[in-house]
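Report on the following structure.
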Amino acid sequence: GTHVYYKYKFHVVELHPDVNAVLEAVIWDNSRPVDPWAKGLEWASTEMHQTDILPVANALDDLVETLRLNSSYTLFLINPKLPYPDFSYGYRYGFSREELDKLRNNADLLGQLNERPQVRPYLRMSHGLKEDVHSLYSSVLERTGELREEKKLEKEVEKDRAKLHKLVDEKSAETPK
């Protein structure tokens with residue numbers, strides 16, 4: 001039979017603890033109990049919580065864009081610190097069945113969910129700040145020697161490109177007009 005082989009190249013990047021802290025803030029600020037009205041909006045840490053996945057996904061998309069990792073597949077391994085020792089949570093897109101049941105009878109309750117203050121910082125960076133991040137990233141690559149290898153590879157590609165252009169010119173000159 002036919003065999004297909006895939007070649008993967010991995011780059012592992014350990015992010016600064018502050019990045020993890022921002023992601024934790026996004027997770028916890030967008031978490032709520034599966035049934036937020038079970039105890040009259042007094043949310044206990046022992047209840048099962050749900051985290052809206054969209055704000056977390058948007059924060060990770062911003063991070064990928066900022067670090068210029070969007071030309072490849074990116075896998076995040078995140079182990080957020082729990083806000084309380086007995087806190088349990090999962091990710092959800094949209095509302096839980098309990099929330100939908102309550103909202104069906106009283107749409108004003110949606111306002112109560114939205115009144116929760118937002119404390120998460122925004123990860124969108126200005127163009128200048130992005131350039132600072134890329135300069136910092138380049139200096140890290142330079143210290144680890146990876147930048148030299150990247151520049152060496154660019155020079156090799158440039159040489160190969162020049163050889164290819166020369167070969168095309170030679171073959172074009174040989175072709176009768």
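Residues are referred to by chain and number: the chain letter is A, B, ... according to the order shown in the structure tokens, the number counts from 1 in that chain, and ligands are numbered separately from 1 in the order shown.
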DSSP-assigned strand (DSSP E) among region 37-117 of chain A, expressed as a count of residues only:
10
Contacts of Tyr8 (chain A) within 12 Å, only C-alpha atoms, excl. fewer than 2 positions in-chain, as a PyMOL selection string:
chain A and resi 5-6+10-11+72-73
Would you mind reading off the distance between CA of Asp62 (chain A) and CA of Glu14 (chain A), one decimal, in Å?
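We find that CA of Asp62 (chain A) and CA of Glu14 (chain A) lie 16.7 Å from each other.
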Which residues of region 57-95 of chain A come within 10 Å of region 17-35 of chain A, and for each one, what is the closest pair of atoms and their distance in Å to one decimal, counting only C-alpha atoms, sorted by chain and residue number, as JSON lines?
{"residue": "A:Ala57", "atom": "CA", "partner": "A:Val26", "partner_atom": "CA", "distance": 9.8}
{"residue": "A:Asn58", "atom": "CA", "partner": "A:Val26", "partner_atom": "CA", "distance": 9.8}
{"residue": "A:Ala59", "atom": "CA", "partner": "A:Leu23", "partner_atom": "CA", "distance": 7.3}
{"residue": "A:Leu60", "atom": "CA", "partner": "A:Leu23", "partner_atom": "CA", "distance": 8.1}
{"residue": "A:Leu63", "atom": "CA", "partner": "A:Val19", "partner_atom": "CA", "distance": 8.9}
{"residue": "A:Ile78", "atom": "CA", "partner": "A:Asn20", "partner_atom": "CA", "distance": 7.7}
{"residue": "A:Asn79", "atom": "CA", "partner": "A:Asn20", "partner_atom": "CA", "distance": 8.5}
{"residue": "A:Pro80", "atom": "CA", "partner": "A:Glu24", "partner_atom": "CA", "distance": 5.7}
{"residue": "A:Lys81", "atom": "CA", "partner": "A:Glu24", "partner_atom": "CA", "distance": 7.1}
{"residue": "A:Leu82", "atom": "CA", "partner": "A:Glu24", "partner_atom": "CA", "distance": 8.3}
{"residue": "A:Pro83", "atom": "CA", "partner": "A:Trp28", "partner_atom": "CA", "distance": 7.5}
{"residue": "A:Ser88", "atom": "CA", "partner": "A:Pro33", "partner_atom": "CA", "distance": 9.7}
{"residue": "A:Tyr89", "atom": "CA", "partner": "A:Ser31", "partner_atom": "CA", "distance": 7.9}
{"residue": "A:Gly90", "atom": "CA", "partner": "A:Ser31", "partner_atom": "CA", "distance": 8.9}
{"residue": "A:Tyr91", "atom": "CA", "partner": "A:Ser31", "partner_atom": "CA", "distance": 8.6}
{"residue": "A:Arg92", "atom": "CA", "partner": "A:Ser31", "partner_atom": "CA", "distance": 9.5}
{"residue": "A:Phe95", "atom": "CA", "partner": "A:Val34", "partner_atom": "CA", "distance": 8.3}
Atoms kept (C-alpha atoms) for selection, written as a PDB file, in the first residue's frame:
ATOM      1  CA  ALA A  57      -9.790  32.006  22.213  1.00  0.00           C
ATOM      2  CA  ASN A  58      -9.599  35.710  21.293  1.00  0.00           C
ATOM      3  CA  ALA A  59      -6.829  36.301  23.854  1.00  0.00           C
ATOM      4  CA  LEU A  60      -4.850  33.349  22.479  1.00  0.00           C
ATOM      5  CA  LEU A  63      -1.032  36.299  21.484  1.00  0.00           C
ATOM      6  CA  ILE A  78      -1.734  26.128  29.917  1.00  0.00           C
ATOM      7  CA  ASN A  79      -2.022  25.165  33.549  1.00  0.00           C
ATOM      8  CA  PRO A  80      -3.798  28.146  35.103  1.00  0.00           C
ATOM      9  CA  LYS A  81      -3.667  28.632  38.839  1.00  0.00           C
ATOM     10  CA  LEU A  82      -7.090  28.168  40.383  1.00  0.00           C
ATOM     11  CA  PRO A  83      -8.583  31.230  42.084  1.00  0.00           C
ATOM     12  CA  SER A  88     -13.648  23.412  39.289  1.00  0.00           C
ATOM     13  CA  TYR A  89     -14.465  24.646  35.806  1.00  0.00           C
ATOM     14  CA  GLY A  90     -14.901  23.713  32.156  1.00  0.00           C
ATOM     15  CA  TYR A  91     -15.178  25.636  28.903  1.00  0.00           C
ATOM     16  CA  ARG A  92     -18.483  26.380  27.226  1.00  0.00           C
ATOM     17  CA  PHE A  95     -25.276  29.269  27.841  1.00  0.00           C
TER      18      PHE A  95
END
Work out how far apart CA of Phe76 (chain A) and CA of Val13 (chain A) are and give it in Å to one decimal.
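Computed distance, CA of Phe76 (chain A) to CA of Val13 (chain A), equals 9.6 Å.
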